[in-house]
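Peer 1: Let me give you the structure first, and then I'll get to my questions.
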Number of protein chains: 2
Amino acid sequence: MTGTSPDFAARLRSAGLRPTRQRVALARVLFGAGHRHVTAESLHAEVKATRIPVALATVYNALNQFRDAGLLHEVVVAPGRSYFDTNTGHHHHFFVENDGELHDFPADKVTIAGLPAPPRGTRLSRVDVVVRVRR
Amino acid sequence: MTGTSPDFAARLRSAGLRPTRQRVALARVLFGAGHRHVTAESLHAEVKATRIPVALATVYNALNQFRDAGLLHEVVVAPGRSYFDTNTGHHHHFFVENDGELHDFPADKVTIAGLPAPPRGTRLSRVDVVVRVRR
DNA sequence: CAAGTACTTTAGAATAATTCCAAAGATGAA
DNA sequence: TTCATCTTTGGAATTATTCTAAAGTACTTG
Ligand SMILES: [Mn+2]
Ligand SMILES: [Mn+2]
Ligand SMILES: [Zn+2]
Ligand SMILES: [Zn+2]
């Protein structure tokens with residue numbers, strides 16, 4: 001086994017966060033495989049399955065801290081619930097309205113032309129495209 | 001005074017809703033002038049100012065019914081709060097992240113090219129573009 | 001390594017937005 | 001006018017999220 005498992009502790013440290021047992025466990029679930037879209041509840045369920053005890057409040061704390069540190073993006077597509085996205089690159093989303101599923105698609109193939117100038121006194125922050133679909 | 005004030009009662013009836021005192025009062029506030037983006041709370045505050053008593057639960061009921069009847073669109077741009085939009089036409093939004101303000105812009109000048117095909121088994125429902133800006 | 005301090009976790013209480021409930025009131029068809 | 005149906009309403013309930021303060025852990029320093 002010479003697998004190069006990412007060093008989550010180091011990644012947390014360089015984000016200015018102490019690599020505690022629960023933050024490392026959460027980072028492992030979040031960043032261990034491909035990109036993910038999670039809710040606080042779904043992440044809590046997953047991390048509990050790893051047998052490392054993490055309170056739901058800690059999941060909320062960590063998600064907000066990871067987001068503030070730039071490790072996650074928060075995606076708002078449905079009322080009443082936040083999705084956190086491990087894909088922090090430039091991309092957009094399909095949202096399956098039936099089951100609340102989110103799917104990424106890269107932004108570099110998408111061209112948006114003809115956007116008006118931002119309202120006076122404001123600076124562009126980001127452009128989010130949500131393609132809503134139904135089964 | 002020969003002003004042609006829109007007949008809100010009729011509009012409600014043809015949407016399949018009884019024109020009750022509170023639904024008419026809400027419709028007047030919502031549809032009496034140009035396009036609006038309201039929250040349940042903000043609409044409740046406005047309608048109360050007209051001295052017609054309307055419970056907050058009724059505002060929620062009416063907003064959901066108006067939306068289901070196609071008189072309003074629900075816009076989700078910020079976590080924890082829903083905006084209801086009297087503009088049901090094809091358009092997109094600037095969202096001023098600082099103060100939670102929404103501004104419309106028409107969709108007909110905007111061109112979106114290169115969108116991938118919807119995930120198999122799904123049909124396109126609508127494409128929402130949110131341009132996030134900051135002051 | 002021992003201490004000390006600052007940061008973290010946590011259970012449970014608190015908030016905020018929204019929905020539910022069951023009783024009282026209003027609407028419209030007959 | 002009558003009556004069945006729909007609507008409103010205050011307050012309780014629900015859901016997602018944040019707050020609090022006490023107990024625990026991680027880094028710094030000696
Ligand atoms: Mn948050
Ligand atoms: Mn709703
Ligand atoms: Zn994504
Ligand atoms: Zn709008």
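Residues in the structure tokens are numbered from 1 in each chain, the chains being A, B, ... in the order shown, and ligands are numbered from 1 in the order shown.
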How close does chain A get to ligand 3? List, as a Markdown table, each residue of chain A within 6 Å, its nearest atom pair and the distance in Å to one decimal, counting only C-alpha atoms and all ligand atoms.

Peer 2:
```
| residue | atom | partner | partner_atom_place_in_ligand_line | distance |
| --- | --- | --- | --- | --- |
| A:Asp85 | CA | ligand 3 | 1 (Zn) | 5.2 |
| A:Asn87 | CA | ligand 3 | 1 (Zn) | 5.3 |
| A:Asp104 | CA | ligand 3 | 1 (Zn) | 4.7 |
```

Peer 1: Store the residues of this selection in a file with N, CA, C and O atoms, as a PDB file, in the first residue's frame.

Peer 2:
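Saved file out.pdb follows:
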```
ATOM      1  N   ASP A  85     -20.575  22.587  -1.510  1.00  0.00           N
ATOM      2  CA  ASP A  85     -20.024  22.050  -2.736  1.00  0.00           C
ATOM      3  C   ASP A  85     -18.514  21.979  -2.613  1.00  0.00           C
ATOM      4  O   ASP A  85     -17.861  22.984  -2.370  1.00  0.00           O
ATOM      5  N   ASN A  87     -16.602  21.346  -4.999  1.00  0.00           N
ATOM      6  CA  ASN A  87     -16.034  21.871  -6.241  1.00  0.00           C
ATOM      7  C   ASN A  87     -16.010  23.385  -6.141  1.00  0.00           C
ATOM      8  O   ASN A  87     -17.041  24.046  -6.246  1.00  0.00           O
ATOM      9  N   ASP A 104     -22.855  18.869 -11.410  1.00  0.00           N
ATOM     10  CA  ASP A 104     -21.980  19.913 -11.945  1.00  0.00           C
ATOM     11  C   ASP A 104     -21.905  19.867 -13.452  1.00  0.00           C
ATOM     12  O   ASP A 104     -22.041  18.804 -14.055  1.00  0.00           O
TER      13      ASP A 104
END
```

Peer 1: Residues contacting ligand 4 - anything with an atom at most 10 Å away, using only C-alpha atoms (C1' of nucleotides) and all ligand atoms - can you give me those as an mmCIF file with C-alpha atoms, in the first residue's frame?

Peer 2:
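For reference, out_10.cif as written:
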```cif
data_model
loop_
_atom_site.group_PDB
_atom_site.id
_atom_site.type_symbol
_atom_site.label_atom_id
_atom_site.label_comp_id
_atom_site.auth_asym_id
_atom_site.auth_seq_id
_atom_site.Cartn_x
_atom_site.Cartn_y
_atom_site.Cartn_z
ATOM 1 C CA HIS B 35 -42.820 44.332 -10.712
ATOM 2 C CA ARG B 36 -41.996 43.429 -7.152
ATOM 3 C CA HIS B 37 -39.749 41.066 -5.223
ATOM 4 C CA VAL B 38 -41.142 40.441 -1.773
ATOM 5 C CA LEU B 72 -45.833 34.575 -8.980
ATOM 6 C CA HIS B 73 -42.433 32.966 -9.282
ATOM 7 C CA GLU B 74 -40.422 31.857 -6.298
ATOM 8 C CA VAL B 75 -36.787 32.939 -6.426
ATOM 9 C CA TYR B 83 -38.386 35.769 -2.481
ATOM 10 C CA PHE B 84 -41.597 35.946 -4.480
ATOM 11 C CA ASP B 85 -41.471 37.667 -7.817
ATOM 12 C CA THR B 86 -44.402 39.309 -9.587
ATOM 13 C CA ASN B 87 -42.457 39.184 -12.815
ATOM 14 C CA THR B 88 -43.421 35.824 -14.250
ATOM 15 C CA GLY B 89 -41.856 36.497 -17.621
ATOM 16 C CA HIS B 90 -38.523 35.262 -18.844
ATOM 17 C CA HIS B 91 -35.869 37.230 -16.987
ATOM 18 C CA HIS B 92 -32.868 36.923 -14.699
ATOM 19 C CA HIS B 93 -31.563 38.593 -11.554
ATOM 20 C CA PHE B 94 -28.877 40.695 -10.044
ATOM 21 C CA LEU B 102 -32.972 41.685 -6.215
ATOM 22 C CA HIS B 103 -33.027 43.455 -9.593
ATOM 23 C CA ASP B 104 -34.493 42.112 -12.804
ATOM 24 C CA PHE B 105 -32.942 42.101 -16.190
ATOM 25 C CA PRO B 106 -34.617 40.827 -19.336
#
```

Peer 1: Based on DSSP run over this structure's backbone, return all residues of chain A in helix (DSSP H, G or I), as a ChimeraX atom specification.

Peer 2: /A:8-13,21-31,40-49,56-68

Peer 1: As a PyMOL selection string, list the residues of region 10-94 of chain B assigned to strand (DSSP E) by DSSP on the backbone atoms of this structure.

Peer 2: chain B and resi 37-38+73-78+81-85+91-94

Peer 1: Residues at most 10 Å from ligand 1, using only C-alpha atoms (C1' of nucleotides) and all ligand atoms? Could they come as a count of residues only?

Peer 2: 13

Peer 1: Between CA of Ser42 (chain B) and CA of Val77 (chain B), what is the distance, to one decimal in Å?

Peer 2: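 So the answer is 16.4 Å.
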
Peer 1: Please return, as a ChimeraX atom specification, all residues of chain C lying within 9 Å of chain B when only C-alpha atoms (C1' of nucleotides) are considered.

Peer 2: /C:16-19,26-27

Peer 1: What does the distance from CA of Val129 (chain A) to CA of Asp128 (chain B) come to in Å, to one decimal?

Peer 2: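 Pair CA of Val129 (chain A) / CA of Asp128 (chain B) returns 5.8 Å.
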
Peer 1: Output as a list in words the set of chain B residues within 6 Å of chain A, with distances taken over only C-alpha atoms.

Peer 2: Val76, Val77, Gly80, Lys109, Val110, Thr111, Ile112, Ala113, Gly114, Leu115, Gly121, Thr122, Arg123, Leu124, Ser125, Arg126, Val127, Asp128, Val129, Val130, Val131, Arg132, Val133, Arg134 and Arg135 of chain B
